[in-house]
Every structure is written in structure tokens, then in C-alpha cells.
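Asker: One structure, pasted below without further comment.
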Amino acid sequence: IELHKKKKSPLTILDIGIGNARILKHIVGIKETWDAIEYYDGIDIAQNCINISKKVIKDLKINKKVNIHLLDAINLKKLNKKYDLIIST
């Protein structure tokens, strides 16, 4: 959230290896932080993780801000976006 205060505009986040969307679930649970995010992209190389993450997004009804991609991190240029914060867990 400190990054948002310094930037003074909505944040863009990339989650490399989104897995079961554990980090995303935590962020959504902090209203002030979630409200500061413009969009949240997640990538993973495992289709199973993509499926789990998509279910979490659907259940939380946050699909307007979140996109999930089956993508290897070596191909990040395919997203053609810039991010304020990159998470990799």
C-alpha cells in the first residue's frame, strides 16, 4: 500500500507462479489494498494451478480486475504490459 501512496495512482501487479491464488486471496481481504489495485495478472505453468486460481477468482467475484494466464515466466513479453509490483513465491 505504501507504493500506492507514493505513486498516487492505481497499482498493477504481476504474480509469477500464482498457484492456488494464496497471495491474491490475502490481498483481496485487505480492502484498502485491494481498492488501490487497477489490475492483477497471474501466471503459472501448471494448468491445474490455473484452474484453481480461476475458481478462486470466480468465487470471490473479482474477475474484472484479475487475469490468469498459462504462461512460462520466460515469455513475459507476451503479456505486453508493465507492472508496478511483481510477486514470485
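Identifiers for the C-alpha cells are assigned positionally: chains receive A, B, ... in sequence, residues are indexed from 1 per chain, and ligands are indexed from 1 in the order shown.
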Residues near Ile16 in chain A, anyone? I mean within 6 Å using only C-alpha atoms, not counting same-chain ones fewer than 4 positions away, as number ranges by chain.
Answerer: A: 43, 87-88
Asker: May I have the selected residues written with N, CA, C and O atoms, as a PDB file, in the first residue's frame?
Answerer:
ATOM      1  N   ILE A  43       0.344 -15.606 -13.519  1.00  0.00           N
ATOM      2  CA  ILE A  43       0.762 -16.611 -14.487  1.00  0.00           C
ATOM      3  C   ILE A  43       1.207 -17.864 -13.744  1.00  0.00           C
ATOM      4  O   ILE A  43       1.621 -17.808 -12.584  1.00  0.00           O
ATOM      5  N   ILE A  87       5.306 -10.191  -8.003  1.00  0.00           N
ATOM      6  CA  ILE A  87       5.363 -11.131  -6.876  1.00  0.00           C
ATOM      7  C   ILE A  87       5.760 -12.497  -7.425  1.00  0.00           C
ATOM      8  O   ILE A  87       5.226 -12.943  -8.443  1.00  0.00           O
ATOM      9  N   SER A  88       6.655 -13.158  -6.735  1.00  0.00           N
ATOM     10  CA  SER A  88       7.012 -14.527  -7.092  1.00  0.00           C
ATOM     11  C   SER A  88       7.228 -15.306  -5.800  1.00  0.00           C
ATOM     12  O   SER A  88       8.128 -14.979  -5.025  1.00  0.00           O
TER      13      SER A  88
END
Asker: Give me, as a compact mmCIF listing (two decimals) with C-alpha atoms, in the first residue's frame, the residues of chain A that a backbone DSSP run labels strand (DSSP E or B).
Answerer:
# COMPACT_ATOMS: atom_id res chain seq x y z
CA LEU A 11 -1.25 -0.27 -8.89
CA THR A 12 -0.62 -3.01 -11.41
CA ILE A 13 0.59 -6.37 -10.13
CA LEU A 14 2.01 -9.50 -11.72
CA ASP A 15 2.02 -12.72 -9.70
CA ILE A 16 4.53 -15.19 -11.16
CA ILE A 37 -5.11 -2.11 -7.44
CA GLU A 38 -6.03 -1.40 -11.04
CA TYR A 39 -5.35 -4.92 -12.28
CA TYR A 40 -3.72 -8.11 -11.07
CA ASP A 41 -2.29 -10.60 -13.56
CA GLY A 42 -1.24 -14.08 -12.53
CA ILE A 43 0.76 -16.61 -14.49
CA ASP A 44 1.62 -20.24 -13.91
CA VAL A 66 -7.78 -10.21 -12.40
CA ASN A 67 -6.47 -12.14 -15.39
CA ILE A 68 -4.81 -15.53 -15.24
CA HIS A 69 -2.51 -16.85 -17.96
CA LEU A 70 -0.97 -20.24 -18.64
CA LEU A 85 4.91 -4.79 -8.47
CA ILE A 86 5.97 -8.34 -9.37
CA ILE A 87 5.36 -11.13 -6.88
CA SER A 88 7.01 -14.53 -7.09
Asker: Pick out the residues sitting within 6 Å of Asn20 in chain A, and hand them over as number ranges by chain; count only C-alpha atoms, and ignore anything fewer than 5 positions along from it in its own chain.
Answerer: A: 49, 52-53
Asker: Do you know which residues are at most 10 Å from Ala46 in chain A counting only C-alpha atoms, after dropping those on the same chain fewer than 6 positions away, and could you put them as a list in words?
Answerer: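 My list of contacting residues is Gly17, Ile18, Gly19, Leu70, Leu71 and Asp72 of chain A.
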Asker: Go ahead and dump the residues you just picked, N, CA and C atoms, as an mmCIF file, in the first residue's frame.
Answerer:
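So again-v1.cif came out as:
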data_model
loop_
_atom_site.group_PDB
_atom_site.id
_atom_site.type_symbol
_atom_site.label_atom_id
_atom_site.label_comp_id
_atom_site.auth_asym_id
_atom_site.auth_seq_id
_atom_site.Cartn_x
_atom_site.Cartn_y
_atom_site.Cartn_z
ATOM 1 N N GLY A 17 3.775 -17.459 -10.864
ATOM 2 C CA GLY A 17 3.553 -18.695 -10.113
ATOM 3 C C GLY A 17 2.391 -18.535 -9.150
ATOM 4 N N ILE A 18 1.246 -18.138 -9.688
ATOM 5 C CA ILE A 18 0.084 -17.821 -8.845
ATOM 6 C C ILE A 18 -0.399 -19.018 -8.032
ATOM 7 N N GLY A 19 -0.127 -20.212 -8.500
ATOM 8 C CA GLY A 19 -0.501 -21.412 -7.734
ATOM 9 C C GLY A 19 -1.976 -21.457 -7.401
ATOM 10 N N LEU A 70 -1.849 -19.085 -18.606
ATOM 11 C CA LEU A 70 -0.968 -20.244 -18.643
ATOM 12 C C LEU A 70 0.264 -19.789 -19.418
ATOM 13 N N LEU A 71 1.334 -19.488 -18.684
ATOM 14 C CA LEU A 71 2.494 -18.862 -19.320
ATOM 15 C C LEU A 71 3.747 -19.111 -18.487
ATOM 16 N N ASP A 72 4.820 -19.428 -19.164
ATOM 17 C CA ASP A 72 6.121 -19.558 -18.518
ATOM 18 C C ASP A 72 6.713 -18.162 -18.343
#
Asker: Would you please give, as a ChimeraX atom specification, all residues of range 31-81 of chain A that DSSP assigns to alpha helix (DSSP H) based on the backbone?
Answerer: /A:31-35,47-60
Asker: Go ahead and dump the residues you just picked, N, CA and C atoms, as a JSON list (two decimals), in the first residue's frame.
Answerer:
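Saved result, part.json, follows:
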[["chain", "number", "residue", "atom", "x", "y", "z"],
["A", 31, "LYS", "N", -9.21, -4.52, 2.23],
["A", 31, "LYS", "CA", -9.97, -3.62, 1.36],
["A", 31, "LYS", "C", -9.15, -2.44, 0.85],
["A", 32, "GLU", "N", -8.43, -1.77, 1.72],
["A", 32, "GLU", "CA", -7.66, -0.60, 1.31],
["A", 32, "GLU", "C", -6.62, -0.97, 0.23],
["A", 33, "THR", "N", -6.00, -2.10, 0.40],
["A", 33, "THR", "CA", -5.01, -2.56, -0.58],
["A", 33, "THR", "C", -5.70, -2.96, -1.88],
["A", 34, "TRP", "N", -6.76, -3.75, -1.79],
["A", 34, "TRP", "CA", -7.45, -4.21, -2.99],
["A", 34, "TRP", "C", -8.00, -3.03, -3.79],
["A", 35, "ASP", "N", -8.52, -2.04, -3.12],
["A", 35, "ASP", "CA", -9.05, -0.86, -3.80],
["A", 35, "ASP", "C", -7.96, -0.07, -4.52],
["A", 47, "GLN", "N", -1.41, -26.15, -15.57],
["A", 47, "GLN", "CA", -2.84, -25.96, -15.87],
["A", 47, "GLN", "C", -3.70, -26.16, -14.63],
["A", 48, "ASN", "N", -3.32, -27.09, -13.77],
["A", 48, "ASN", "CA", -4.07, -27.32, -12.54],
["A", 48, "ASN", "C", -4.12, -26.06, -11.68],
["A", 49, "CYS", "N", -2.99, -25.36, -11.58],
["A", 49, "CYS", "CA", -2.95, -24.11, -10.81],
["A", 49, "CYS", "C", -3.81, -23.03, -11.46],
["A", 50, "ILE", "N", -3.79, -22.98, -12.77],
["A", 50, "ILE", "CA", -4.64, -22.02, -13.50],
["A", 50, "ILE", "C", -6.10, -22.30, -13.18],
["A", 51, "ASN", "N", -6.49, -23.56, -13.21],
["A", 51, "ASN", "CA", -7.88, -23.94, -12.93],
["A", 51, "ASN", "C", -8.28, -23.56, -11.50],
["A", 52, "ILE", "N", -7.41, -23.83, -10.54],
["A", 52, "ILE", "CA", -7.70, -23.49, -9.15],
["A", 52, "ILE", "C", -7.83, -21.97, -9.00],
["A", 53, "SER", "N", -6.90, -21.24, -9.57],
["A", 53, "SER", "CA", -6.93, -19.77, -9.47],
["A", 53, "SER", "C", -8.20, -19.19, -10.09],
["A", 54, "LYS", "N", -8.58, -19.72, -11.24],
["A", 54, "LYS", "CA", -9.80, -19.23, -11.90],
["A", 54, "LYS", "C", -11.03, -19.48, -11.04],
["A", 55, "LYS", "N", -11.06, -20.60, -10.34],
["A", 55, "LYS", "CA", -12.19, -20.87, -9.45],
["A", 55, "LYS", "C", -12.21, -19.88, -8.29],
["A", 56, "VAL", "N", -11.05, -19.60, -7.72],
["A", 56, "VAL", "CA", -10.96, -18.62, -6.63],
["A", 56, "VAL", "C", -11.45, -17.25, -7.10],
["A", 57, "ILE", "N", -11.01, -16.85, -8.28],
["A", 57, "ILE", "CA", -11.42, -15.56, -8.84],
["A", 57, "ILE", "C", -12.93, -15.50, -9.05],
["A", 58, "LYS", "N", -13.48, -16.59, -9.56],
["A", 58, "LYS", "CA", -14.93, -16.66, -9.76],
["A", 58, "LYS", "C", -15.67, -16.60, -8.43],
["A", 59, "ASP", "N", -15.20, -17.37, -7.46],
["A", 59, "ASP", "CA", -15.85, -17.40, -6.15],
["A", 59, "ASP", "C", -15.79, -16.05, -5.45],
["A", 60, "LEU", "N", -14.68, -15.33, -5.61],
["A", 60, "LEU", "CA", -14.52, -14.02, -4.98],
["A", 60, "LEU", "C", -15.15, -12.88, -5.80]]
Asker: If you measure from CA of Ala73 in chain A to CA of Ala21 in chain A, what distance in Å do you get, rounded to one decimal?
Answerer: 16.6 Å
Asker: Compare A:Thr89, A:Asp84, A:Ile74, A:Ile62 by their minimum atom-to-atom distance to Gly29 in chain A, counting only C-alpha atoms, and give me the closest one.
Answerer: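 Closest candidate: A:Ile62.
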Asker: Could you state the separation of CA of Lys77 in chain A and CA of Ser9 in chain A in Å, given to one decimal place?
Answerer: 23.5 Å
Asker: Expressed in Å to a single decimal, how great is the separation between CA of Leu79 in chain A and CA of Ala36 in chain A?
Answerer: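 Pair CA of Leu79 in chain A / CA of Ala36 in chain A returns 21.4 Å.
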